[in-house]
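my_file.cif follows; it contains mmCIF, C-alpha atoms.
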data_upload
#
loop_
_atom_site.label_atom_id
_atom_site.label_comp_id
_atom_site.auth_asym_id
_atom_site.auth_seq_id
_atom_site.Cartn_x
_atom_site.Cartn_y
_atom_site.Cartn_z
CA MET A 1 20.84 13.12 -2.70
CA ASN A 2 17.19 13.96 -2.20
CA SER A 3 15.83 15.35 1.06
CA LEU A 4 13.40 13.43 3.25
CA ALA A 5 10.61 15.83 2.23
CA GLU A 6 11.37 15.35 -1.47
CA GLU A 7 11.27 11.58 -1.07
CA ASN A 8 7.92 11.79 0.71
CA TYR A 9 6.48 13.82 -2.17
CA LEU A 10 7.78 11.36 -4.76
CA LYS A 11 6.34 8.41 -2.85
CA ALA A 12 2.98 10.18 -2.54
CA LEU A 13 2.98 10.86 -6.30
CA TYR A 14 3.57 7.17 -6.93
CA LYS A 15 0.77 6.20 -4.55
CA LEU A 16 -1.73 8.55 -6.21
CA GLY A 17 -0.69 8.31 -9.84
CA GLY A 18 1.37 5.18 -10.31
CA LYS A 19 4.14 5.10 -12.88
CA SER A 20 2.85 7.75 -15.25
CA GLY A 21 -0.51 9.05 -14.03
CA ASP A 22 -1.16 12.76 -13.64
CA VAL A 23 -1.90 13.95 -10.10
CA GLN A 24 -3.58 17.23 -9.20
CA THR A 25 -1.77 19.40 -6.67
CA ASN A 26 -4.86 19.56 -4.44
CA ALA A 27 -4.93 15.76 -4.20
CA LEU A 28 -1.24 15.74 -3.32
CA ALA A 29 -1.77 18.42 -0.68
CA GLU A 30 -4.58 16.36 0.87
CA GLU A 31 -2.47 13.18 0.85
CA LEU A 32 0.45 14.93 2.57
CA ASN A 33 -1.73 17.11 4.80
CA THR A 34 -0.12 20.32 3.61
CA LYS A 35 -1.00 23.52 1.73
CA ALA A 36 -1.44 23.60 -2.04
CA SER A 37 1.07 26.45 -2.18
CA SER A 38 3.68 24.23 -0.48
CA VAL A 39 3.00 21.50 -3.04
CA THR A 40 3.49 23.98 -5.89
CA ASP A 41 6.83 25.11 -4.46
CA MET A 42 8.01 21.52 -4.11
CA MET A 43 6.87 20.59 -7.62
CA LYS A 44 8.95 23.43 -9.05
CA LYS A 45 11.96 22.19 -7.11
CA LEU A 46 11.45 18.58 -8.19
CA ALA A 47 10.92 19.65 -11.81
CA GLU A 48 14.26 21.49 -11.72
CA LYS A 49 15.86 18.21 -10.59
CA LYS A 50 14.02 16.44 -13.45
CA LEU A 51 12.19 14.14 -11.04
CA VAL A 52 8.68 15.19 -12.11
CA ASN A 53 6.88 16.46 -15.18
CA TYR A 54 5.09 19.59 -14.04
CA GLU A 55 3.02 22.29 -15.72
CA PRO A 56 1.10 24.76 -13.53
CA TYR A 57 -2.66 24.06 -13.43
CA LYS A 58 -2.21 20.82 -15.42
CA GLY A 59 -1.17 18.37 -12.73
CA VAL A 60 2.11 16.57 -12.20
CA SER A 61 3.54 13.12 -12.93
CA LEU A 62 6.73 11.29 -12.10
CA SER A 63 9.54 11.45 -14.64
CA LYS A 64 11.46 8.27 -15.47
CA GLU A 65 14.10 9.20 -12.89
CA GLY A 66 11.46 10.26 -10.35
CA PHE A 67 9.73 6.91 -10.71
CA LYS A 68 13.03 5.09 -10.04
CA VAL A 69 13.47 7.06 -6.81
CA ALA A 70 9.84 6.56 -5.72
CA ILE A 71 9.74 2.83 -6.39
CA TYR A 72 13.00 2.34 -4.49
CA ILE A 73 11.52 4.11 -1.45
CA VAL A 74 8.48 1.83 -1.66
CA ARG A 75 10.79 -1.19 -1.94
CA LYS A 76 12.69 -0.17 1.20
CA HIS A 77 9.49 0.58 3.14
CA ARG A 78 7.92 -2.80 2.40
CA LEU A 79 11.10 -4.78 3.07
CA TRP A 80 11.43 -3.07 6.45
CA GLU A 81 7.83 -3.95 7.25
CA VAL A 82 8.57 -7.61 6.55
CA PHE A 83 11.65 -7.44 8.79
CA LEU A 84 9.72 -5.81 11.63
CA VAL A 85 6.92 -8.38 11.53
CA GLU A 86 8.91 -11.54 10.81
CA LYS A 87 12.09 -10.88 12.78
CA LEU A 88 11.06 -8.47 15.55
CA ALA A 89 7.51 -9.74 16.12
CA PHE A 90 5.74 -6.43 15.53
CA LYS A 91 2.06 -6.67 14.56
CA TRP A 92 0.99 -5.66 11.07
CA ASP A 93 -0.80 -2.58 12.45
CA GLU A 94 2.37 -1.34 14.21
CA VAL A 95 4.96 -1.27 11.43
CA HIS A 96 3.94 1.49 9.02
CA GLU A 97 5.16 4.46 11.06
CA ILE A 98 8.47 2.76 11.89
CA ALA A 99 9.03 1.79 8.25
CA GLU A 100 8.32 5.42 7.31
CA GLN A 101 11.49 6.33 9.20
CA LEU A 102 13.60 3.42 7.96
CA GLU A 103 12.69 3.91 4.29
CA HIS A 104 14.97 6.95 4.08
CA ILE A 105 18.15 4.98 4.80
CA GLN A 106 20.34 5.52 1.74
CA SER A 107 22.59 2.43 1.74
CA SER A 108 21.63 0.26 -1.24
CA GLU A 109 24.03 -2.42 0.00
CA LEU A 110 22.09 -2.65 3.27
CA ILE A 111 18.76 -2.97 1.45
CA GLU A 112 20.00 -5.73 -0.83
CA LYS A 113 21.45 -7.58 2.18
CA LEU A 114 18.09 -7.12 3.94
CA ASP A 115 16.26 -8.58 0.93
CA GLU A 116 18.59 -11.59 0.94
CA PHE A 117 18.30 -12.01 4.72
CA LEU A 118 14.51 -12.13 4.40
CA ASP A 119 14.79 -14.69 1.57
CA PHE A 120 13.59 -12.29 -1.13
CA PRO A 121 9.94 -11.79 -0.07
CA LYS A 122 7.42 -10.93 -2.78
CA PHE A 123 4.83 -9.29 -0.51
CA ASP A 124 4.84 -7.19 2.65
CA PRO A 125 2.76 -8.07 5.76
CA HIS A 126 -0.29 -6.31 4.27
CA GLY A 127 -0.12 -8.24 1.02
CA ASP A 128 1.36 -5.35 -0.96
CA PRO A 129 3.86 -6.42 -3.64
CA ILE A 130 7.52 -5.57 -2.97
CA PRO A 131 9.26 -4.05 -6.02
CA ASP A 132 12.34 -6.01 -7.02
CA LYS A 133 15.77 -4.38 -7.30
CA ASP A 134 15.03 -3.49 -10.93
CA GLY A 135 11.82 -1.69 -9.95
CA SER A 136 9.38 -4.24 -11.36
CA VAL A 137 6.14 -4.51 -9.38
CA TYR A 138 3.57 -7.29 -9.38
CA GLN A 139 0.11 -5.77 -9.77
CA HIS A 140 -2.81 -7.19 -7.80
CA LEU A 141 -5.05 -9.21 -10.08
CA GLU A 142 -7.25 -10.24 -7.19
CA ILE A 143 -10.72 -8.90 -6.47
CA THR A 144 -12.05 -7.39 -3.27
CA LEU A 145 -14.27 -9.27 -0.84
CA SER A 146 -17.13 -6.94 -1.80
CA GLN A 147 -17.05 -8.41 -5.33
CA LEU A 148 -17.75 -11.97 -4.18
CA GLU A 149 -21.31 -13.19 -4.55
CA LYS A 150 -23.39 -15.26 -2.15
CA LYS A 151 -22.02 -18.82 -1.69
CA GLU A 152 -18.63 -17.88 -3.19
CA LYS A 153 -15.36 -18.20 -1.26
CA GLY A 154 -11.79 -16.95 -1.36
CA ILE A 155 -8.52 -16.48 0.49
CA VAL A 156 -7.47 -13.12 2.01
CA VAL A 157 -4.33 -11.96 0.17
CA GLY A 158 -4.04 -8.26 0.99
CA VAL A 159 -5.53 -5.01 2.23
CA LYS A 160 -6.11 -1.69 0.47
CA GLU A 161 -6.61 0.24 3.72
CA HIS A 162 -3.63 0.33 6.10
CA SER A 163 -5.04 2.32 9.01
CA LYS A 164 -4.42 0.97 12.50
CA ALA A 165 -8.15 0.95 13.22
CA TYR A 166 -8.92 -1.15 10.14
CA LEU A 167 -6.10 -3.63 10.74
CA ASN A 168 -7.18 -4.02 14.39
CA TYR A 169 -10.73 -4.63 13.17
CA LEU A 170 -9.52 -7.40 10.85
CA ASP A 171 -7.38 -8.92 13.61
CA ASN A 172 -10.39 -9.12 15.92
CA LEU A 173 -12.31 -11.02 13.23
CA ASN A 174 -9.28 -13.19 12.36
CA LEU A 175 -9.51 -11.83 8.81
CA VAL A 176 -5.74 -11.90 8.33
CA LEU A 177 -3.67 -12.89 5.30
CA GLY A 178 -4.38 -16.51 4.42
CA ALA A 179 -7.81 -16.64 6.06
CA GLU A 180 -10.55 -18.41 4.08
CA VAL A 181 -13.85 -16.59 3.71
CA PHE A 182 -17.21 -17.94 2.56
CA VAL A 183 -20.07 -15.55 1.75
CA GLU A 184 -23.18 -16.82 3.48
CA ASP A 185 -25.31 -13.81 2.63
CA LYS A 186 -25.08 -10.41 0.94
CA VAL A 187 -27.49 -7.67 2.00
CA GLU A 188 -29.01 -5.84 -0.97
CA PHE A 189 -29.77 -2.68 1.03
CA ASP A 190 -26.23 -1.72 2.05
CA SER A 191 -24.03 -4.45 0.46
CA SER A 192 -22.89 -5.66 3.88
CA MET A 193 -21.94 -9.33 4.04
CA LYS A 194 -22.41 -12.23 6.36
CA VAL A 195 -19.26 -14.31 6.01
CA ARG A 196 -17.88 -17.49 7.55
CA ILE A 197 -14.18 -17.19 8.40
CA ASN A 198 -11.91 -20.26 8.29
CA LYS A 199 -15.00 -22.52 8.21
CA ASN A 200 -15.70 -21.44 11.77
CA ASP A 201 -16.73 -17.98 13.00
CA VAL A 202 -19.50 -16.04 11.28
CA ALA A 203 -19.41 -12.22 11.12
CA THR A 204 -21.41 -9.45 9.48
CA ILE A 205 -19.05 -7.04 7.72
CA SER A 206 -19.80 -3.60 6.28
CA ASN A 207 -19.26 -2.69 2.64
CA GLN A 208 -16.58 -0.21 3.73
CA ALA A 209 -14.61 -3.10 5.22
CA THR A 210 -15.19 -5.63 2.42
CA LYS A 211 -14.18 -3.30 -0.39
CA ASN A 212 -10.77 -2.77 1.22
CA LEU A 213 -9.87 -6.46 1.50
CA TYR A 214 -8.18 -8.28 -1.41
CA ILE A 215 -9.40 -11.81 -2.04
CA LYS A 216 -8.18 -14.60 -4.30
CA LYS A 217 -11.28 -16.47 -5.39
CA ILE A 218 -11.20 -20.26 -4.89
#
Starting from the file, give its structure as structure tokens.
Amino acid sequence: MNSLAEENYLKALYKLGGKSGDVQTNALAEELNTKASSVTDMMKKLAEKKLVNYEPYKGVSLSKEGFKVAIYIVRKHRLWEVFLVEKLAFKWDEVHEIAEQLEHIQSSELIEKLDEFLDFPKFDPHGDPIPDKDGSVYQHLEITLSQLEKKEKGIVVGVKEHSKAYLNYLDNLNLVLGAEVFVEDKVEFDSSMKVRINKNDVATISNQATKNLYIKKI
């Protein structure tokens, strides 16, 4: 059994490098808000357990077994987020920290029962794909709102940024999953956008906000 800290490192490696991408220890230290020396110590430990491929000064990547562990943690996290929003009426900006705790529950039977109870959801409340029990993950093929041109429209299908501040910002604009957006204008100077939301409200949105919102073009 892996420790909570080990699981957090494996999940961070998956977030930064995906299935097989190399990650630099400094990037991992920044992601986990820890010292590079602590990352090095953990990488040695995980390499001994054959969960990562690690060579000093050359970065680190998940091994086949490490990927299986990481993707299962992601699966648990996203299923718990669905449960918290759909069954306990939490808001989408409230569930991440709670799911961070629940993702370390070890019972695979519980997780499969949870998946069934939720009717096998494909996406979490932020639009992120939920890995299936075999570890397969749907990859976003959508574009970001920032990539739409003037007079184009789309449907909001996900977010890249999960911070509470950003999700609250989207809530206030009613830019939630399923919202329809129409680009009325795009400012050349700073790439901000004037968009109509659900054929009703009009808002001016910064490039920082638009590039973190997944859109399915319609």
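Remark: for Tyr57 (chain A), the closest of the candidate residues A:Ser146, A:Glu94, A:Asn26, A:Arg78 is A:Asn26 (distances computed over only C-alpha atoms).
Counting all atoms listed in the file, Trp80 (chain A) has the following residues at most 8 Å away, ignoring those fewer than 5 positions along the same chain: Ala99, Leu102 and Glu103 of chain A.
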For this structure, which residues satisfy the selection - the PyMOL selection byres ((chain A and resi 72) around 9) - when it is evaluated on the file as given? I want them as a ChimeraX atom specification.
/A:67-71,73-77,103,131-135
Can I get the selection written as a PDB file, in the coordinates of the input, with C-alpha atoms?
ATOM      1  CA  PHE A  67       9.730   6.910 -10.710  1.00  0.00           C
ATOM      2  CA  LYS A  68      13.030   5.090 -10.040  1.00  0.00           C
ATOM      3  CA  VAL A  69      13.470   7.060  -6.810  1.00  0.00           C
ATOM      4  CA  ALA A  70       9.840   6.560  -5.720  1.00  0.00           C
ATOM      5  CA  ILE A  71       9.740   2.830  -6.390  1.00  0.00           C
ATOM      6  CA  ILE A  73      11.520   4.110  -1.450  1.00  0.00           C
ATOM      7  CA  VAL A  74       8.480   1.830  -1.660  1.00  0.00           C
ATOM      8  CA  ARG A  75      10.790  -1.190  -1.940  1.00  0.00           C
ATOM      9  CA  LYS A  76      12.690  -0.170   1.200  1.00  0.00           C
ATOM     10  CA  HIS A  77       9.490   0.580   3.140  1.00  0.00           C
ATOM     11  CA  GLU A 103      12.690   3.910   4.290  1.00  0.00           C
ATOM     12  CA  PRO A 131       9.260  -4.050  -6.020  1.00  0.00           C
ATOM     13  CA  ASP A 132      12.340  -6.010  -7.020  1.00  0.00           C
ATOM     14  CA  LYS A 133      15.770  -4.380  -7.300  1.00  0.00           C
ATOM     15  CA  ASP A 134      15.030  -3.490 -10.930  1.00  0.00           C
ATOM     16  CA  GLY A 135      11.820  -1.690  -9.950  1.00  0.00           C
TER      17      GLY A 135
END
What's around Ser206 (chain A) at 6 Å? Count all atoms listed in the file, leave out sequence neighbours fewer than 2 positions away in its own chain, and write the answer as a ChimeraX atom specification.
/A:192,208-209
Take the residues just selected and output them with C-alpha atoms as a compact mmCIF listing (two decimals), in the frame of the given file.
# COMPACT_ATOMS: atom_id res chain seq x y z
CA SER A 192 -22.89 -5.66 3.88
CA GLN A 208 -16.58 -0.21 3.73
CA ALA A 209 -14.61 -3.10 5.22
What would the selection look like, as number ranges by chain, if the PyMOL selection byres ((chain A and resi 205) around 12) were run on the coordinates I just shared?
A: 145-146, 166, 169-170, 173, 175, 181, 183-187, 190-197, 202-204, 206-213
Dump of C-alpha atoms for the selected residues, as a compact mmCIF listing (two decimals), keeping the file's coordinate frame:
# COMPACT_ATOMS: atom_id res chain seq x y z
CA LEU A 145 -14.27 -9.27 -0.84
CA SER A 146 -17.13 -6.94 -1.80
CA TYR A 166 -8.92 -1.15 10.14
CA TYR A 169 -10.73 -4.63 13.17
CA LEU A 170 -9.52 -7.40 10.85
CA LEU A 173 -12.31 -11.02 13.23
CA LEU A 175 -9.51 -11.83 8.81
CA VAL A 181 -13.85 -16.59 3.71
CA VAL A 183 -20.07 -15.55 1.75
CA GLU A 184 -23.18 -16.82 3.48
CA ASP A 185 -25.31 -13.81 2.63
CA LYS A 186 -25.08 -10.41 0.94
CA VAL A 187 -27.49 -7.67 2.00
CA ASP A 190 -26.23 -1.72 2.05
CA SER A 191 -24.03 -4.45 0.46
CA SER A 192 -22.89 -5.66 3.88
CA MET A 193 -21.94 -9.33 4.04
CA LYS A 194 -22.41 -12.23 6.36
CA VAL A 195 -19.26 -14.31 6.01
CA ARG A 196 -17.88 -17.49 7.55
CA ILE A 197 -14.18 -17.19 8.40
CA VAL A 202 -19.50 -16.04 11.28
CA ALA A 203 -19.41 -12.22 11.12
CA THR A 204 -21.41 -9.45 9.48
CA SER A 206 -19.80 -3.60 6.28
CA ASN A 207 -19.26 -2.69 2.64
CA GLN A 208 -16.58 -0.21 3.73
CA ALA A 209 -14.61 -3.10 5.22
CA THR A 210 -15.19 -5.63 2.42
CA LYS A 211 -14.18 -3.30 -0.39
CA ASN A 212 -10.77 -2.77 1.22
CA LEU A 213 -9.87 -6.46 1.50
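Within 9 Å of Thr25 (chain A), once only C-alpha atoms are used and residues closer than 6 positions along the same chain are dropped, the contacting residues are Ala36, Ser37, Val39, Thr40, Met43, Tyr57, Lys58, Gly59 and Val60 of chain A.
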